Amino acid sequence: MGAVHQAKEEYDLAIAEYRRALEIDPSYKNALLRLGQSYQLKAEQLVAGDSTQSAQAMEVAGEAAKVYEDYLATNPGDVEVQIQLAGSALQHAGARLAIDVFDHRGITRYRHQGTVVNSVNQIVLTQLA
């Protein structure tokens, strides 16, 4: 149900569904990734709807980062979630923080859907394009 709500841009409902799924199975990685994405999308929606809501959008974006950081506390080698964390940082705090996230985690090479990213700079440039 979370994916249905997310597709309808009903992010609060999607977040609630993903949280329920994680209560049942805390290791359900897809629910975790979609939870973080729902927070990110909600933050984007807030900013797009009203520029006066940027503080609230940053708070919501912080929830996405917290979801990823909490998961990484027990799964520090999960590159996919590290990429999501850096992407969240890039989206809401800028390229410098995204690079810091990658540098801190030691990510220098990542293979995703057939694309090899050799450096943090390429990831940032891809996201900015």
# chains A, B, ... in the order shown; residues from 1 in each chain; ligands from 1

call {"tool": "residues_around", "arguments": {"residues": "Ala14 (chain A)", "least_positions_apart": "4", "cutoff": "10 Å", "atoms": "only C-alpha atoms", "output": "list in words"}}
result
Met1, Gly2, Ala3, Val4, His5, Gln6, Ala7, Lys8, Glu9, Glu10, Tyr18, Arg19, Arg20, Arg34, Leu35, Gln37, Ser38 and Tyr39 of chain A

call {"tool": "write_last_selection", "arguments": {"atoms": "C-alpha atoms", "output": "CSV table (one decimal), in the first residue's frame"}}
result
chain,number,residue,atom,x,y,z
A,1,MET,CA,0.0,0.0,0.0
A,2,GLY,CA,2.9,2.3,0.6
A,3,ALA,CA,3.8,2.3,-3.1
A,4,VAL,CA,0.3,3.1,-4.1
A,5,HIS,CA,0.2,6.1,-1.7
A,6,GLN,CA,3.6,7.2,-2.8
A,7,ALA,CA,2.5,7.1,-6.5
A,8,LYS,CA,-0.5,9.2,-5.6
A,9,GLU,CA,1.8,11.7,-3.8
A,10,GLU,CA,0.1,10.9,-0.5
A,18,TYR,CA,6.3,1.8,5.3
A,19,ARG,CA,6.8,2.4,9.1
A,20,ARG,CA,4.2,-0.4,9.7
A,34,ARG,CA,10.9,3.7,0.1
A,35,LEU,CA,10.4,5.3,3.5
A,37,GLN,CA,12.3,8.3,-0.6
A,38,SER,CA,8.8,9.2,0.7
A,39,TYR,CA,10.4,11.7,3.2

call {"tool": "residues_around", "arguments": {"residues": "Ser88 (chain A)", "least_positions_apart": "6", "cutoff": "9 Å", "atoms": "only C-alpha atoms", "output": "mmCIF file with all heavy atoms, in the first residue's frame"}}
result
data_model
loop_
_atom_site.group_PDB
_atom_site.id
_atom_site.type_symbol
_atom_site.label_atom_id
_atom_site.label_comp_id
_atom_site.auth_asym_id
_atom_site.auth_seq_id
_atom_site.Cartn_x
_atom_site.Cartn_y
_atom_site.Cartn_z
ATOM 1 N N GLY A 36 12.517 6.328 3.171
ATOM 2 C CA GLY A 36 13.411 7.469 2.970
ATOM 3 C C GLY A 36 13.033 8.282 1.746
ATOM 4 O O GLY A 36 13.007 9.517 1.780
ATOM 5 N N GLN A 37 12.693 7.584 0.657
ATOM 6 C CA GLN A 37 12.281 8.283 -0.563
ATOM 7 C C GLN A 37 10.997 9.082 -0.328
ATOM 8 O O GLN A 37 10.853 10.198 -0.838
ATOM 9 C CB GLN A 37 12.076 7.287 -1.697
ATOM 10 C CG GLN A 37 13.352 6.663 -2.191
ATOM 11 C CD GLN A 37 13.102 5.449 -3.073
ATOM 12 O OE1 GLN A 37 11.968 5.009 -3.258
ATOM 13 N NE2 GLN A 37 14.178 4.902 -3.613
ATOM 14 N N GLN A 40 11.864 12.220 1.334
ATOM 15 C CA GLN A 40 12.499 13.128 0.389
ATOM 16 C C GLN A 40 11.462 13.770 -0.531
ATOM 17 O O GLN A 40 11.498 14.974 -0.775
ATOM 18 C CB GLN A 40 13.548 12.389 -0.441
ATOM 19 C CG GLN A 40 14.793 12.028 0.348
ATOM 20 C CD GLN A 40 15.765 11.230 -0.485
ATOM 21 O OE1 GLN A 40 15.830 10.015 -0.374
ATOM 22 N NE2 GLN A 40 16.505 11.899 -1.342
ATOM 23 N N ALA A 61 13.302 16.365 5.353
ATOM 24 C CA ALA A 61 14.491 15.803 4.703
ATOM 25 C C ALA A 61 15.424 15.194 5.747
ATOM 26 O O ALA A 61 16.051 14.161 5.502
ATOM 27 C CB ALA A 61 15.217 16.878 3.904
ATOM 28 N N GLY A 62 15.477 15.815 6.900
ATOM 29 C CA GLY A 62 16.282 15.262 7.993
ATOM 30 C C GLY A 62 15.767 13.903 8.444
ATOM 31 O O GLY A 62 16.547 13.045 8.856
ATOM 32 N N ALA A 64 14.475 11.685 6.443
ATOM 33 C CA ALA A 64 15.005 10.738 5.447
ATOM 34 C C ALA A 64 16.430 10.353 5.818
ATOM 35 O O ALA A 64 16.778 9.166 5.841
ATOM 36 C CB ALA A 64 14.960 11.347 4.048
ATOM 37 N N ALA A 65 17.238 11.350 6.126
ATOM 38 C CA ALA A 65 18.624 11.072 6.499
ATOM 39 C C ALA A 65 18.690 10.199 7.744
ATOM 40 O O ALA A 65 19.507 9.280 7.825
ATOM 41 C CB ALA A 65 19.378 12.382 6.719
ATOM 42 N N ALA A 98 26.968 16.214 0.242
ATOM 43 C CA ALA A 98 26.927 14.892 -0.404
ATOM 44 C C ALA A 98 28.340 14.340 -0.562
ATOM 45 O O ALA A 98 28.597 13.168 -0.274
ATOM 46 C CB ALA A 98 26.239 14.981 -1.759
#

call {"tool": "residues_around", "arguments": {"residues": "Tyr68 (chain A)", "least_positions_apart": "4", "cutoff": "10 Å", "atoms": "only C-alpha atoms", "output": "PyMOL selection string"}}
result
chain A and resi 32-33+35-36+62-64+72-73+75+81-86+88

call {"tool": "residues_around", "arguments": {"residues": "Ala57 (chain A)", "least_positions_apart": "2", "cutoff": "9 Å", "atoms": "only C-alpha atoms", "output": "list in words"}}
result
Gln40, Lys42, Ala43, Glu44, Gln45, Leu46, Val47, Gln53, Ser54, Ala55, Glu59, Val60, Ala61, Gly62 and His92 of chain A

call {"tool": "atom_distance", "arguments": {"atom1": "CA of Tyr11 (chain A)", "atom2": "CA of Gly49 (chain A)"}}
result
14.0 Å
